[in-house]
$ cat my_file.pdb   # PDB, C-alpha atoms and all ligand atoms
ATOM      1  CA  MET A 223      10.527  10.237  15.820
ATOM      2  CA  LYS A 224      10.567  11.638  12.322
ATOM      3  CA  ILE A 225       7.728  10.936   9.877
ATOM      4  CA  LEU A 226       8.457  11.567   6.233
ATOM      5  CA  SER A 227       5.922  11.337   3.436
ATOM      6  CA  LEU A 228       7.658  10.685   0.125
ATOM      7  CA  SER A 229       4.354  10.669  -1.733
ATOM      8  CA  SER A 230       0.734  10.679  -0.577
ATOM      9  CA  GLY A 231      -2.369  10.196  -2.737
ATOM     10  CA  SER A 232      -3.995   7.913  -5.272
ATOM     11  CA  LYS A 233      -0.952   8.046  -7.576
ATOM     12  CA  GLY A 234       1.413   6.604  -4.982
ATOM     13  CA  ASN A 235       2.058   6.320  -1.256
ATOM     14  CA  ALA A 236       5.278   5.849   0.699
ATOM     15  CA  TYR A 237       5.982   6.995   4.249
ATOM     16  CA  ILE A 238       9.041   6.623   6.453
ATOM     17  CA  VAL A 239       9.074   6.382  10.235
ATOM     18  CA  GLU A 240      12.589   7.102  11.512
ATOM     19  CA  HIS A 241      14.196   7.207  14.928
ATOM     20  CA  GLU A 242      17.949   7.570  15.527
ATOM     21  CA  GLY A 243      18.905   6.175  12.116
ATOM     22  CA  ASP A 244      16.516   3.204  12.312
ATOM     23  CA  ALA A 245      13.528   3.251   9.996
ATOM     24  CA  LEU A 246      10.401   1.532   8.754
ATOM     25  CA  LEU A 247       8.846   2.131   5.374
ATOM     26  CA  ILE A 248       5.050   2.175   5.321
ATOM     27  CA  ASP A 249       3.811   1.189   1.848
ATOM     28  CA  CYS A 250       5.829   1.533  -1.327
ATOM     29  CA  GLY A 251       3.733   2.857  -4.190
ATOM     30  CA  ILE A 252       6.460   4.896  -5.910
ATOM     31  CA  GLY A 253       9.331   3.927  -8.164
ATOM     32  CA  PRO A 254      13.019   3.851  -7.175
ATOM     33  CA  ARG A 255      14.006   7.074  -8.972
ATOM     34  CA  ILE A 256      11.456   9.234  -7.153
ATOM     35  CA  PHE A 257      12.153   7.333  -3.934
ATOM     36  CA  LYS A 258      15.869   8.201  -4.039
ATOM     37  CA  GLN A 259      15.307  11.779  -5.172
ATOM     38  CA  ARG A 260      12.831  12.581  -2.440
ATOM     39  CA  ILE A 261      14.498  10.838   0.477
ATOM     40  CA  ALA A 262      17.977  12.331  -0.120
ATOM     41  CA  PRO A 263      17.486  15.859   1.278
ATOM     42  CA  PHE A 264      15.966  14.504   4.505
ATOM     43  CA  PHE A 265      18.418  11.686   5.162
ATOM     44  CA  PRO A 266      21.795  12.603   3.641
ATOM     45  CA  SER A 267      23.382   9.632   5.417
ATOM     46  CA  ALA A 268      21.950   6.148   5.057
ATOM     47  CA  ILE A 269      19.189   4.956   7.355
ATOM     48  CA  ARG A 270      18.670   1.332   8.352
ATOM     49  CA  PHE A 271      15.349  -0.057   7.137
ATOM     50  CA  HIS A 272      14.038  -2.777   9.446
ATOM     51  CA  GLY A 273      10.913  -3.517   7.439
ATOM     52  CA  VAL A 274       8.260  -2.440   5.009
ATOM     53  CA  LEU A 275       4.767  -2.365   6.510
ATOM     54  CA  ILE A 276       2.017  -2.897   3.938
ATOM     55  CA  THR A 277      -1.400  -1.393   4.704
ATOM     56  CA  HIS A 278      -3.212  -3.101   1.820
ATOM     57  CA  ASN A 279      -2.742  -4.486  -1.665
ATOM     58  CA  HIS A 280      -3.864  -1.522  -3.814
ATOM     59  CA  SER A 281      -1.216  -0.597  -6.371
ATOM     60  CA  ASP A 282      -0.852   2.999  -5.135
ATOM     61  CA  HIS A 283       0.621   1.356  -1.996
ATOM     62  CA  THR A 284       2.580  -1.534  -3.506
ATOM     63  CA  SER A 285       3.700  -0.765  -7.085
ATOM     64  CA  GLY A 286       7.274   0.112  -6.065
ATOM     65  CA  LEU A 287       7.746  -2.745  -3.620
ATOM     66  CA  GLN A 288       9.634  -5.082  -5.900
ATOM     67  CA  ALA A 289      12.077  -2.366  -6.984
ATOM     68  CA  PHE A 290      12.648  -1.360  -3.348
ATOM     69  CA  LEU A 291      13.426  -4.962  -2.423
ATOM     70  CA  LYS A 292      15.866  -5.248  -5.305
ATOM     71  CA  SER A 293      18.058  -2.613  -3.642
ATOM     72  CA  ASN A 294      17.148  -3.770  -0.099
ATOM     73  CA  PRO A 295      16.878  -7.562  -0.360
ATOM     74  CA  GLU A 296      17.352  -8.151   3.365
ATOM     75  CA  VAL A 297      14.425  -5.994   4.439
ATOM     76  CA  PRO A 298      11.349  -8.038   5.473
ATOM     77  CA  VAL A 299       7.887  -7.071   4.257
ATOM     78  CA  TYR A 300       5.325  -7.149   7.066
ATOM     79  CA  ALA A 301       1.724  -7.807   6.058
ATOM     80  CA  ASN A 302      -1.209  -9.886   7.193
ATOM     81  CA  GLU A 303      -1.733 -13.147   5.364
ATOM     82  CA  LEU A 304      -4.383 -11.999   2.873
ATOM     83  CA  THR A 305      -2.469  -8.835   2.002
ATOM     84  CA  ALA A 306       0.786 -10.779   1.615
ATOM     85  CA  GLU A 307      -0.922 -13.229  -0.692
ATOM     86  CA  SER A 308      -2.602 -10.618  -2.899
ATOM     87  CA  THR A 309       0.398  -8.255  -2.920
ATOM     88  CA  GLY A 310       2.751 -11.105  -3.829
ATOM     89  CA  PHE A 311       0.436 -12.181  -6.631
ATOM     90  CA  GLU A 312       0.005  -8.658  -8.011
ATOM     91  CA  THR A 313       3.593  -7.391  -7.717
ATOM     92  CA  GLY A 314       5.594 -10.572  -8.284
ATOM     93  CA  VAL A 315       7.316 -10.249  -4.885
ATOM     94  CA  ALA A 316       8.250 -13.749  -3.662
ATOM     95  CA  PRO A 317       6.252 -15.201  -0.738
ATOM     96  CA  SER A 318       9.549 -15.645   1.157
ATOM     97  CA  ALA A 319       9.939 -11.843   1.371
ATOM     98  CA  PHE A 320       6.872 -11.567   3.614
ATOM     99  CA  VAL A 321       6.630 -11.890   7.365
ATOM    100  CA  CYS A 322       2.985 -12.256   8.308
ATOM    101  CA  PHE A 323       1.355 -10.651  11.323
ATOM    102  CA  GLU A 324      -2.091 -11.016  12.838
ATOM    103  CA  ASN A 325      -4.239  -7.901  13.013
ATOM    104  CA  GLY A 326      -4.485  -6.709  16.609
ATOM    105  CA  GLN A 327      -1.275  -8.410  17.798
ATOM    106  CA  ASP A 328       1.930  -6.500  18.528
ATOM    107  CA  PHE A 329       5.178  -7.399  16.852
ATOM    108  CA  CYS A 330       8.693  -5.948  16.756
ATOM    109  CA  ALA A 331      10.426  -4.697  13.628
ATOM    110  CA  GLY A 332      13.940  -3.671  14.627
ATOM    111  CA  PRO A 333      13.576  -1.269  17.548
ATOM    112  CA  PHE A 334       9.969  -0.452  16.652
ATOM    113  CA  ARG A 335       6.927  -1.994  18.257
ATOM    114  CA  VAL A 336       4.110  -2.277  15.724
ATOM    115  CA  GLU A 337       0.434  -3.072  15.935
ATOM    116  CA  ALA A 338      -1.829  -3.407  12.886
ATOM    117  CA  PHE A 339      -5.579  -2.893  13.168
ATOM    118  CA  SER A 340      -8.366  -3.511  10.651
ATOM    119  CA  LEU A 341      -9.745  -0.679   8.577
ATOM    120  CA  PRO A 342     -12.855  -0.746   6.357
ATOM    121  CA  HIS A 343     -11.661  -0.412   2.737
ATOM    122  CA  ASP A 344     -12.226  -2.334  -0.495
ATOM    123  CA  ALA A 345      -9.006  -4.383  -0.418
ATOM    124  CA  SER A 346      -8.056  -7.903   0.793
ATOM    125  CA  ASP A 347      -7.552  -7.173   4.513
ATOM    126  CA  PRO A 348      -6.634  -3.486   4.922
ATOM    127  CA  VAL A 349      -5.016  -2.161   8.089
ATOM    128  CA  GLY A 350      -3.685   0.939   9.781
ATOM    129  CA  PHE A 351      -0.623   0.908  12.037
ATOM    130  CA  LEU A 352       0.391   2.076  15.470
ATOM    131  CA  VAL A 353       4.199   2.330  15.606
ATOM    132  CA  GLU A 354       6.028   2.905  18.848
ATOM    133  CA  ALA A 355       9.610   4.048  19.466
ATOM    134  CA  ASP A 356      10.292   7.181  21.519
ATOM    135  CA  GLU A 357       6.816   8.361  20.505
ATOM    136  CA  ILE A 358       3.631   6.605  19.413
ATOM    137  CA  TYR A 359       2.662   7.111  15.774
ATOM    138  CA  LEU A 360      -0.732   6.383  14.236
ATOM    139  CA  HIS A 361      -0.893   5.771  10.495
ATOM    140  CA  ALA A 362      -4.440   5.544   9.106
ATOM    141  CA  THR A 363      -5.210   6.060   5.417
ATOM    142  CA  ASP A 364      -7.635   4.371   3.030
ATOM    143  CA  PHE A 365     -10.707   3.818   5.176
ATOM    144  CA  GLY A 366     -14.325   4.589   4.420
ATOM    145  CA  VAL A 367     -15.679   5.286   7.887
ATOM    146  CA  PRO A 368     -13.979   6.626  11.023
ATOM    147  CA  VAL A 369     -14.112   3.372  12.962
ATOM    148  CA  LYS A 370     -13.535   3.133  16.696
ATOM    149  CA  ALA A 371     -10.565   0.766  16.215
ATOM    150  CA  ALA A 372      -8.685   3.659  14.608
ATOM    151  CA  GLY A 373     -10.069   6.151  17.113
ATOM    152  CA  THR A 374      -8.843   4.361  20.226
ATOM    153  CA  ARG A 375      -5.371   4.253  18.635
ATOM    154  CA  LEU A 376      -5.521   7.968  17.767
ATOM    155  CA  SER A 377      -6.226   8.678  21.433
ATOM    156  CA  LYS A 378      -2.909   6.997  22.342
ATOM    157  CA  ALA A 379      -0.864   8.725  19.641
ATOM    158  CA  ASP A 380       1.726  11.482  19.969
ATOM    159  CA  VAL A 381       1.953  11.838  16.200
ATOM    160  CA  ALA A 382      -0.660  10.918  13.598
ATOM    161  CA  THR A 383      -1.245  10.705   9.872
ATOM    162  CA  VAL A 384      -4.937  10.592   8.944
ATOM    163  CA  GLU A 385      -6.562  10.374   5.547
ATOM    164  CA  PHE A 386      -8.449  13.501   4.397
ATOM    165  CA  ASN A 387      -9.432  12.196   0.976
ATOM    166  CA  HIS A 388     -12.141  14.362  -0.524
ATOM    167  CA  GLU A 389     -14.531  17.237  -0.047
ATOM    168  CA  THR A 390     -17.947  15.592  -0.485
ATOM    169  CA  GLU A 391     -19.401  18.415  -2.646
ATOM    170  CA  LEU A 392     -16.418  18.342  -4.989
ATOM    171  CA  LEU A 393     -16.668  14.556  -5.294
ATOM    172  CA  TYR A 394     -20.346  14.746  -6.290
ATOM    173  CA  ALA A 395     -19.634  17.580  -8.760
ATOM    174  CA  SER A 396     -16.591  15.812 -10.224
ATOM    175  CA  GLY A 397     -18.404  14.321 -13.212
ATOM    176  CA  ARG A 398     -17.187  10.866 -12.233
ATOM    177  CA  HIS A 399     -19.374   7.848 -12.844
ATOM    178  CA  GLN A 400     -22.023   7.352 -10.139
ATOM    179  CA  SER A 401     -20.658   3.926  -9.268
ATOM    180  CA  LEU A 402     -17.166   5.341  -8.684
ATOM    181  CA  ILE A 403     -18.569   8.161  -6.533
ATOM    182  CA  ARG A 404     -20.507   5.567  -4.519
ATOM    183  CA  ARG A 405     -17.361   3.485  -4.097
ATOM    184  CA  ILE A 406     -15.177   6.381  -2.935
ATOM    185  CA  SER A 407     -17.777   7.823  -0.552
ATOM    186  CA  GLY A 408     -19.009   4.420   0.632
ATOM    187  CA  PRO A 409     -18.160   2.617   3.885
ATOM    188  CA  ARG A 410     -15.239   0.763   2.271
ATOM    189  CA  GLY A 411     -13.963   3.752   0.309
ATOM    190  CA  HIS A 412     -12.102   6.845   1.442
ATOM    191  CA  LEU A 413     -12.570   9.305   4.291
ATOM    192  CA  SER A 414     -14.072  12.718   3.450
ATOM    193  CA  ASN A 415     -12.766  15.923   5.021
ATOM    194  CA  ASN A 416     -15.925  16.054   7.127
ATOM    195  CA  ASP A 417     -15.650  12.490   8.398
ATOM    196  CA  ALA A 418     -11.924  12.841   9.057
ATOM    197  CA  ALA A 419     -12.531  16.084  10.954
ATOM    198  CA  SER A 420     -15.207  14.436  13.134
ATOM    199  CA  PHE A 421     -12.814  11.540  13.714
ATOM    200  CA  ILE A 422     -10.110  13.907  14.976
ATOM    201  CA  LYS A 423     -12.616  15.854  17.039
ATOM    202  CA  GLU A 424     -13.877  12.719  18.748
ATOM    203  CA  TYR A 425     -10.610  10.909  19.393
ATOM    204  CA  ALA A 426      -7.614  13.293  19.436
ATOM    205  CA  SER A 427      -6.225  13.591  22.959
ATOM    206  CA  GLU A 428      -3.987  16.049  24.750
ATOM    207  CA  LYS A 429      -1.082  13.682  24.036
ATOM    208  CA  LEU A 430      -1.168  14.572  20.365
ATOM    209  CA  LYS A 431       1.749  16.793  19.316
ATOM    210  CA  ARG A 432       1.482  16.932  15.518
ATOM    211  CA  VAL A 433      -0.807  15.712  12.748
ATOM    212  CA  ALA A 434      -0.531  15.183   8.999
ATOM    213  CA  LEU A 435      -3.410  14.989   6.536
ATOM    214  CA  ALA A 436      -2.831  12.371   3.870
ATOM    215  CA  HIS A 437      -4.077  10.779   0.643
ATOM    216  CA  LEU A 438      -5.840  13.955  -0.594
ATOM    217  CA  SER A 439      -7.687  13.543  -3.868
ATOM    218  CA  GLN A 440      -6.133  15.810  -6.484
ATOM    219  CA  ASP A 441      -9.463  16.460  -8.253
ATOM    220  CA  CYS A 442     -11.898  16.383  -5.353
ATOM    221  CA  ASN A 443      -9.989  18.124  -2.587
ATOM    222  CA  ALA A 444      -7.658  21.041  -1.973
ATOM    223  CA  PRO A 445      -5.019  21.385   0.751
ATOM    224  CA  HIS A 446      -6.671  24.507   2.216
ATOM    225  CA  LEU A 447     -10.049  22.727   2.538
ATOM    226  CA  ALA A 448      -8.564  19.728   4.336
ATOM    227  CA  LEU A 449      -6.423  21.975   6.513
ATOM    228  CA  SER A 450      -9.278  24.202   7.625
ATOM    229  CA  ALA A 451     -11.499  21.169   8.363
ATOM    230  CA  ALA A 452      -8.752  19.694  10.549
ATOM    231  CA  GLN A 453      -7.913  22.961  12.276
ATOM    232  CA  GLN A 454     -11.566  23.674  13.065
ATOM    233  CA  ALA A 455     -11.961  20.183  14.502
ATOM    234  CA  LEU A 456      -8.876  20.575  16.698
ATOM    235  CA  SER A 457      -9.885  24.074  17.841
ATOM    236  CA  SER A 458     -13.341  22.859  18.806
ATOM    237  CA  VAL A 459     -11.774  20.497  21.361
ATOM    238  CA  SER A 460      -9.186  23.032  22.597
ATOM    239  CA  LEU A 461      -6.347  21.457  20.581
ATOM    240  CA  GLY A 462      -6.013  24.312  18.092
ATOM    241  CA  HIS A 463      -2.331  24.749  18.997
ATOM    242  CA  ILE A 464      -1.391  21.392  17.417
ATOM    243  CA  PRO A 465       0.569  21.880  14.183
ATOM    244  CA  VAL A 466      -1.043  20.330  11.092
ATOM    245  CA  LYS A 467       0.797  19.422   7.872
ATOM    246  CA  VAL A 468      -0.810  18.471   4.563
ATOM    247  CA  PHE A 469       1.091  15.704   2.779
ATOM    248  CA  SER A 470       1.483  15.932  -0.968
ATOM    249  CA  GLN A 471       1.534  13.687  -4.010
ATOM    250  CA  ASN A 472       4.384  15.570  -5.600
ATOM    251  CA  GLU A 473       6.885  16.412  -2.892
ATOM    252  CA  ALA A 474       8.357  14.922   0.238
ATOM    253  CA  LEU A 475       7.257  16.504   3.497
ATOM    254  CA  GLN A 476       8.336  15.853   7.049
ATOM    255  CA  LEU A 477       6.024  15.750  10.021
TER     256      LEU A 477
HETATM  257 ZN    ZN A 501      -4.601   4.471  -1.556
HETATM  258 ZN    ZN A 502      -6.683   1.753  -1.200
END
$ encode --input "my_file.pdb" --output "structure tokens" --more "lines below"
Ligand SMILES: [Zn+2]
Ligand SMILES: [Zn+2]
Amino acid sequence: MKILSLSSGSKGNAYIVEHEGDALLIDCGIGPRIFKQRIAPFFPSAIRFHGVLITHNHSDHTSGLQAFLKSNPEVPVYANELTAESTGFETGVAPSAFVCFENGQDFCAGPFRVEAFSLPHDASDPVGFLVEADEIYLHATDFGVPVKAAGTRLSKADVATVEFNHETELLYASGRHQSLIRRISGPRGHLSNNDAASFIKEYASEKLKRVALAHLSQDCNAPHLALSAAQQALSSVSLGHIPVKVFSQNEALQL
């Protein structure tokens, strides 16, 4: 299984899960030009998209959805009912494009088995995903606290993408309005490096083969801070050998 981040962060998110030419897109918060540019070097021949999985209705995850569907009109958009409703309303994507799932229930999208689980975040009904093909992939970004529902899925995963949003000190020193700082650091905001590291420490299992850190704040985090937090957490539970990648806003990276 190949995981490709085309863009990761508050200015746009799009991730591809690929196995033997079959693929799912997770979120589509980038425009078609960047999408094509960034995917090309990794997949020189076409891949078959079997669906777009939507985590939640924030525009950094959905702004490019309509343009993607224009070039891929047959591809279904998988979302829970509340997310489908709000995403359709905000992006203009027709209700008929959506296939709704229930959080906590498995469904198939092409050859992939998918399960969505609830995450605490200030959107309609935000979720993370567990995607299974030859390996099991956990995708968890945009959540304020490291909830057990995500943790039990991390324990099953061979490959994982986890949000490492901000370094708490940098967030408090950022000069942002107090209410925004409270929102980001709150229980329905974004995961700090510290919280994400504890999450990995508590739930990563020996099954885990590789990890990516995602949705880093450009102002309130730095790749080396997130990376060292994750590596320390893994080392402390004797998993220091696991390779860690830091996904980027501005370039495509493969996990
Ligand atoms: Zn986001
Ligand atoms: Zn969000």
$ atom_distance --input "my_file.pdb" --atom1 "CA of Gly253 in chain A" --atom2 "CA of Ile403 in chain A"
28.3 Å
$ closest_atom_pairs --input "my_file.pdb" --of "chain A" --to "ligand ZN 501 (chain A)" --cutoff "9 Å" --atoms "all atoms listed in the file" --output "CSV"
residue,atom,partner,partner_atom,distance
A:Ser230,CA,A:ZN501,ZN,8.2
A:Gly231,CA,A:ZN501,ZN,6.3
A:Ser232,CA,A:ZN501,ZN,5.1
A:Lys233,CA,A:ZN501,ZN,7.9
A:Gly234,CA,A:ZN501,ZN,7.2
A:Asn235,CA,A:ZN501,ZN,6.9
A:Gly251,CA,A:ZN501,ZN,8.9
A:His278,CA,A:ZN501,ZN,8.4
A:His280,CA,A:ZN501,ZN,6.4
A:Ser281,CA,A:ZN501,ZN,7.8
A:Asp282,CA,A:ZN501,ZN,5.4
A:His283,CA,A:ZN501,ZN,6.1
A:Thr363,CA,A:ZN501,ZN,7.2
A:Asp364,CA,A:ZN501,ZN,5.5
A:His412,CA,A:ZN501,ZN,8.4
A:His437,CA,A:ZN501,ZN,6.7
$ residues_around --input "my_file.pdb" --residues "Gly286 in chain A" --least-positions-apart "5" --cutoff "12 Å" --atoms "all atoms listed in the file" --output "PDB file with C-alpha atoms, keeping the file's coordinate frame"
ATOM      1  CA  SER A 229       4.354  10.669  -1.733  1.00  0.00           C
ATOM      2  CA  LYS A 233      -0.952   8.046  -7.576  1.00  0.00           C
ATOM      3  CA  GLY A 234       1.413   6.604  -4.982  1.00  0.00           C
ATOM      4  CA  ASN A 235       2.058   6.320  -1.256  1.00  0.00           C
ATOM      5  CA  ALA A 236       5.278   5.849   0.699  1.00  0.00           C
ATOM      6  CA  LEU A 247       8.846   2.131   5.374  1.00  0.00           C
ATOM      7  CA  ILE A 248       5.050   2.175   5.321  1.00  0.00           C
ATOM      8  CA  ASP A 249       3.811   1.189   1.848  1.00  0.00           C
ATOM      9  CA  CYS A 250       5.829   1.533  -1.327  1.00  0.00           C
ATOM     10  CA  GLY A 251       3.733   2.857  -4.190  1.00  0.00           C
ATOM     11  CA  ILE A 252       6.460   4.896  -5.910  1.00  0.00           C
ATOM     12  CA  GLY A 253       9.331   3.927  -8.164  1.00  0.00           C
ATOM     13  CA  PRO A 254      13.019   3.851  -7.175  1.00  0.00           C
ATOM     14  CA  ARG A 255      14.006   7.074  -8.972  1.00  0.00           C
ATOM     15  CA  ILE A 256      11.456   9.234  -7.153  1.00  0.00           C
ATOM     16  CA  PHE A 257      12.153   7.333  -3.934  1.00  0.00           C
ATOM     17  CA  LYS A 258      15.869   8.201  -4.039  1.00  0.00           C
ATOM     18  CA  VAL A 274       8.260  -2.440   5.009  1.00  0.00           C
ATOM     19  CA  ILE A 276       2.017  -2.897   3.938  1.00  0.00           C
ATOM     20  CA  ASN A 279      -2.742  -4.486  -1.665  1.00  0.00           C
ATOM     21  CA  HIS A 280      -3.864  -1.522  -3.814  1.00  0.00           C
ATOM     22  CA  SER A 281      -1.216  -0.597  -6.371  1.00  0.00           C
ATOM     23  CA  LEU A 291      13.426  -4.962  -2.423  1.00  0.00           C
ATOM     24  CA  LYS A 292      15.866  -5.248  -5.305  1.00  0.00           C
ATOM     25  CA  SER A 293      18.058  -2.613  -3.642  1.00  0.00           C
ATOM     26  CA  THR A 309       0.398  -8.255  -2.920  1.00  0.00           C
ATOM     27  CA  GLU A 312       0.005  -8.658  -8.011  1.00  0.00           C
ATOM     28  CA  THR A 313       3.593  -7.391  -7.717  1.00  0.00           C
ATOM     29  CA  GLY A 314       5.594 -10.572  -8.284  1.00  0.00           C
ATOM     30  CA  VAL A 315       7.316 -10.249  -4.885  1.00  0.00           C
TER      31      VAL A 315
END
$ residues_near_point --input "my_file.pdb" --point "(-8.0, 7.0, 20.4)" --cutoff "10 Å" --atoms "only C-alpha atoms" --output "ChimeraX atom specification"
/A:360,370-379,421-422,424-427
$ resolve_selection --input "my_file.pdb" --expression "the PyMOL selection byres (((chain A and resi 464-466) around 12) and not hetatm)" --output "ChimeraX atom specification"
/A:380-384,422,426-436,445-446,448-457,459-463,467-469,475-477
$ write_last_selection --input "my_file.pdb" --atoms "C-alpha atoms" --output "PDB file, in the coordinates of the input"
ATOM      1  CA  ASP A 380       1.726  11.482  19.969  1.00  0.00           C
ATOM      2  CA  VAL A 381       1.953  11.838  16.200  1.00  0.00           C
ATOM      3  CA  ALA A 382      -0.660  10.918  13.598  1.00  0.00           C
ATOM      4  CA  THR A 383      -1.245  10.705   9.872  1.00  0.00           C
ATOM      5  CA  VAL A 384      -4.937  10.592   8.944  1.00  0.00           C
ATOM      6  CA  ILE A 422     -10.110  13.907  14.976  1.00  0.00           C
ATOM      7  CA  ALA A 426      -7.614  13.293  19.436  1.00  0.00           C
ATOM      8  CA  SER A 427      -6.225  13.591  22.959  1.00  0.00           C
ATOM      9  CA  GLU A 428      -3.987  16.049  24.750  1.00  0.00           C
ATOM     10  CA  LYS A 429      -1.082  13.682  24.036  1.00  0.00           C
ATOM     11  CA  LEU A 430      -1.168  14.572  20.365  1.00  0.00           C
ATOM     12  CA  LYS A 431       1.749  16.793  19.316  1.00  0.00           C
ATOM     13  CA  ARG A 432       1.482  16.932  15.518  1.00  0.00           C
ATOM     14  CA  VAL A 433      -0.807  15.712  12.748  1.00  0.00           C
ATOM     15  CA  ALA A 434      -0.531  15.183   8.999  1.00  0.00           C
ATOM     16  CA  LEU A 435      -3.410  14.989   6.536  1.00  0.00           C
ATOM     17  CA  ALA A 436      -2.831  12.371   3.870  1.00  0.00           C
ATOM     18  CA  PRO A 445      -5.019  21.385   0.751  1.00  0.00           C
ATOM     19  CA  HIS A 446      -6.671  24.507   2.216  1.00  0.00           C
ATOM     20  CA  ALA A 448      -8.564  19.728   4.336  1.00  0.00           C
ATOM     21  CA  LEU A 449      -6.423  21.975   6.513  1.00  0.00           C
ATOM     22  CA  SER A 450      -9.278  24.202   7.625  1.00  0.00           C
ATOM     23  CA  ALA A 451     -11.499  21.169   8.363  1.00  0.00           C
ATOM     24  CA  ALA A 452      -8.752  19.694  10.549  1.00  0.00           C
ATOM     25  CA  GLN A 453      -7.913  22.961  12.276  1.00  0.00           C
ATOM     26  CA  GLN A 454     -11.566  23.674  13.065  1.00  0.00           C
ATOM     27  CA  ALA A 455     -11.961  20.183  14.502  1.00  0.00           C
ATOM     28  CA  LEU A 456      -8.876  20.575  16.698  1.00  0.00           C
ATOM     29  CA  SER A 457      -9.885  24.074  17.841  1.00  0.00           C
ATOM     30  CA  VAL A 459     -11.774  20.497  21.361  1.00  0.00           C
ATOM     31  CA  SER A 460      -9.186  23.032  22.597  1.00  0.00           C
ATOM     32  CA  LEU A 461      -6.347  21.457  20.581  1.00  0.00           C
ATOM     33  CA  GLY A 462      -6.013  24.312  18.092  1.00  0.00           C
ATOM     34  CA  HIS A 463      -2.331  24.749  18.997  1.00  0.00           C
ATOM     35  CA  LYS A 467       0.797  19.422   7.872  1.00  0.00           C
ATOM     36  CA  VAL A 468      -0.810  18.471   4.563  1.00  0.00           C
ATOM     37  CA  PHE A 469       1.091  15.704   2.779  1.00  0.00           C
ATOM     38  CA  LEU A 475       7.257  16.504   3.497  1.00  0.00           C
ATOM     39  CA  GLN A 476       8.336  15.853   7.049  1.00  0.00           C
ATOM     40  CA  LEU A 477       6.024  15.750  10.021  1.00  0.00           C
TER      41      LEU A 477
END
$ residues_around --input "my_file.pdb" --residues "Phe264 in chain A" --least-positions-apart "5" --cutoff "12 Å" --atoms "only C-alpha atoms" --output "list in words"
Lys224, Ile225, Leu226, Ser227, Leu228, Ile238, Glu240, Gly243, Phe257, Lys258, Gln259, Ile269, Glu473, Ala474, Leu475, Gln476 and Leu477 of chain A
